[in-house]
Each structure stands twice: as C-alpha cells, then as structure tokens.
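Have a look at the structure below before the remarks.
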Amino acid sequence: MRRLFFRIALIVLTGLAGVAHAELVVVVNARSGVAAMTRNEVINVFFGRNRQFFNGIEAMPVDLDDAHPKRAQFYKMLVGKDLSEINAYWSRQVFTGRMQAPPRLASTEEVVKWVAANPGGIGFVELSRADARVRVVYELKR
C-alpha cells in the first residue's frame with residue numbers, strides 16, 4: 001500500500017512539474033490590428049530588424065529582466081540561444097550605435113500592462129497571463 005501511495009505521489013508531482021513549465025506566447029496590443037505572426041516575424045521584431053508591423057504601426061517590443069526565468073526560456077525556445085548570447089548581441093548593437101535593446105520589466109503582469117498601454121506593444125508571457133487587453137499572435141512550441 002505504501003509503495004502504491006509513493007508511486008501515485010510521484011506521478012502527480014511529475015505532472016505538476018510539467019504545469020510549472022508554462023507555455024509561452026507572444027502578445028500584442030489588442031487594438032494593433034495584428035492577428036498572427038510567424039516565428040521569423042517575432043524574431044525580427046525582438047532583435048530590432050523589423051521596427052514596424054505589416055500594417056505600418058511601430059513595433060515596440062518589451063522584454064523581461066535577466067532574473068526572470070521566463071526570459072531565458074523565451075530566447076532558448078525562440079532562437080536556441082542562452083541569455084549570455086542574447087545580452088552580447090544587444091551589447092554589440094548598443095555599442096555600435098545601431099539600436100537600443102527593448103526595455104526590461106520585472107514581471108509578466110507588467111509586460112501585459114505595458115503592451116496594453118502601447119498601440120505597437122509586443123511582449124511575451126505565459127499563456128495563462130494573456131487576457132482581453134492583449135492578443136496572442138504566436139505560441140512558442142517546445
């Protein structure tokens with residue numbers, strides 16, 4: 001009986017670990033007119049290569065702080081790079097005067113508020129954090 005209990009507990013805990021690794025989505029301002037984006041479009045906006053959406057609205061990406069675990073997960077899933085590589089990319093861009101890195105916020109709730117407050121706002125959050133203020137335009141797949 002005791003073994004059965006521990007096996008069930010292990011199965012439940014394993015399942016909960018998967019839930020803790022929440023799905024990440026890219027969100028835009030609900031009034032931006034952007035309904036969906038491709039992986040390449042998301043990459044180009046977050047790396048400063050595209051500064052406008054297809055409809056001419058200025059894209060205004062926002063990022064999370066390095067300390068937030070979802071930032072590392074996002075870039076690993078999106079481009080297969082770790083944070084040191086992402087930070088090095090932005091350091092080179094800033095040093096050469098090409099562009100500035102997106103502003104960084106401390107929480108995904110702040111990201112949702114920021115995206116909702118800016119017509120061209122775009123950020124990434126857990127799917128569970130996306131609400132009516134924003135529109136999901138891309139889902140990151142494992």
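Please note that chains go A, B, ... in the order of the structure tokens, that every chain numbers its residues from 1, and that ligands are numbered from 1 in the order shown.
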(Q) Need to verify the contact set: Glu109 (chain A), 10 Å, only C-alpha atoms, exclusion of same-chain residues closer than 4 positions in sequence. Can you return it as a ChimeraX atom specification? (A) /A:105,113-115,125-126,129-130
Q: Could you give me the residues within region 4-124 of chain A that DSSP places in strand (DSSP E), as a PyMOL selection string?
A: chain A and resi 24-29+60-61+63-64+104-105+121-124
Any chance you could export the current selection's N, CA and C atoms as a PDB file, in the first residue's frame?
ATOM      1  N   LEU A  24       4.708  29.566 -23.259  1.00  0.00           N
ATOM      2  CA  LEU A  24       4.924  30.985 -23.502  1.00  0.00           C
ATOM      3  C   LEU A  24       4.276  31.394 -24.813  1.00  0.00           C
ATOM      4  N   VAL A  25       3.731  32.603 -24.824  1.00  0.00           N
ATOM      5  CA  VAL A  25       3.105  33.156 -26.018  1.00  0.00           C
ATOM      6  C   VAL A  25       3.585  34.584 -26.223  1.00  0.00           C
ATOM      7  N   VAL A  26       3.557  35.015 -27.468  1.00  0.00           N
ATOM      8  CA  VAL A  26       3.856  36.404 -27.806  1.00  0.00           C
ATOM      9  C   VAL A  26       2.522  37.122 -27.909  1.00  0.00           C
ATOM     10  N   VAL A  27       2.437  38.278 -27.267  1.00  0.00           N
ATOM     11  CA  VAL A  27       1.194  39.045 -27.261  1.00  0.00           C
ATOM     12  C   VAL A  27       1.442  40.451 -27.803  1.00  0.00           C
ATOM     13  N   VAL A  28       0.403  41.002 -28.413  1.00  0.00           N
ATOM     14  CA  VAL A  28       0.429  42.381 -28.897  1.00  0.00           C
ATOM     15  C   VAL A  28      -0.772  43.117 -28.324  1.00  0.00           C
ATOM     16  N   ASN A  29      -0.768  44.412 -28.464  1.00  0.00           N
ATOM     17  CA  ASN A  29      -1.897  45.227 -28.054  1.00  0.00           C
ATOM     18  C   ASN A  29      -3.133  44.742 -28.811  1.00  0.00           C
ATOM     19  N   MET A  60       6.867  47.951 -30.778  1.00  0.00           N
ATOM     20  CA  MET A  60       7.534  48.377 -29.555  1.00  0.00           C
ATOM     21  C   MET A  60       7.700  47.171 -28.634  1.00  0.00           C
ATOM     22  N   PRO A  61       8.760  46.373 -28.869  1.00  0.00           N
ATOM     23  CA  PRO A  61       8.949  45.182 -28.030  1.00  0.00           C
ATOM     24  C   PRO A  61       9.362  45.540 -26.607  1.00  0.00           C
ATOM     25  N   ASP A  63      10.818  43.456 -22.949  1.00  0.00           N
ATOM     26  CA  ASP A  63      11.489  42.234 -22.510  1.00  0.00           C
ATOM     27  C   ASP A  63      11.345  42.102 -20.996  1.00  0.00           C
ATOM     28  N   LEU A  64      11.727  40.963 -20.465  1.00  0.00           N
ATOM     29  CA  LEU A  64      11.778  40.745 -19.028  1.00  0.00           C
ATOM     30  C   LEU A  64      13.218  40.898 -18.537  1.00  0.00           C
ATOM     31  N   ARG A 104      13.234  46.512 -20.238  1.00  0.00           N
ATOM     32  CA  ARG A 104      13.028  45.276 -19.475  1.00  0.00           C
ATOM     33  C   ARG A 104      12.152  45.560 -18.265  1.00  0.00           C
ATOM     34  N   LEU A 105      11.219  44.662 -18.041  1.00  0.00           N
ATOM     35  CA  LEU A 105      10.304  44.777 -16.915  1.00  0.00           C
ATOM     36  C   LEU A 105      10.496  43.600 -15.969  1.00  0.00           C
ATOM     37  N   GLY A 121       2.735  47.778 -28.849  1.00  0.00           N
ATOM     38  CA  GLY A 121       3.359  46.941 -27.838  1.00  0.00           C
ATOM     39  C   GLY A 121       3.368  45.469 -28.214  1.00  0.00           C
ATOM     40  N   ILE A 122       4.489  44.814 -27.921  1.00  0.00           N
ATOM     41  CA  ILE A 122       4.626  43.382 -28.144  1.00  0.00           C
ATOM     42  C   ILE A 122       5.549  42.835 -27.066  1.00  0.00           C
ATOM     43  N   GLY A 123       5.146  41.708 -26.479  1.00  0.00           N
ATOM     44  CA  GLY A 123       5.930  41.090 -25.419  1.00  0.00           C
ATOM     45  C   GLY A 123       5.626  39.608 -25.350  1.00  0.00           C
ATOM     46  N   PHE A 124       6.177  38.949 -24.340  1.00  0.00           N
ATOM     47  CA  PHE A 124       5.912  37.524 -24.160  1.00  0.00           C
ATOM     48  C   PHE A 124       5.555  37.253 -22.711  1.00  0.00           C
TER      49      PHE A 124
END
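Residues in contact with region 79-83 of chain A at up to 12 Å, not including ones fewer than 3 positions away on its chain and judged by only C-alpha atoms, are Arg39, Asn40, Val42, Ile43, Asn44, Phe46, Phe47, Leu64, Asp65, Asp66, Ala67, His68, Pro69, Lys70, Arg71, Ala72, Gln73, Phe74, Tyr75, Lys76, Ile86, Asn87, Ala88, Tyr89, Trp90, Ser91, Leu140, Lys141 and Arg142 of chain A.
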Q: Tell me, in Å to one decimal, how far CA of Ala35 (chain A) is from CA of Arg49 (chain A).
A: 20.0 Å
Q.
Using DSSP secondary structure from the backbone, list all alpha helix (DSSP H) positions within chain A, as a VMD selection string.
A. chain A and resid 2 to 20 39 to 46 69 to 79 83 to 95 108 to 117
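The shortest atom-to-atom distance to Val111 (chain A), with only C-alpha atoms taken into account, belongs to A:Val62 out of A:Ser84, A:Arg135, A:Val62, A:Ser32.
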Q. In terms of the shortest atom-to-atom distance over only C-alpha atoms, which of A:Phe54, A:Glu23, A:Asn118, A:Val112 is closest to Val134 (chain A)?
A. A:Val112
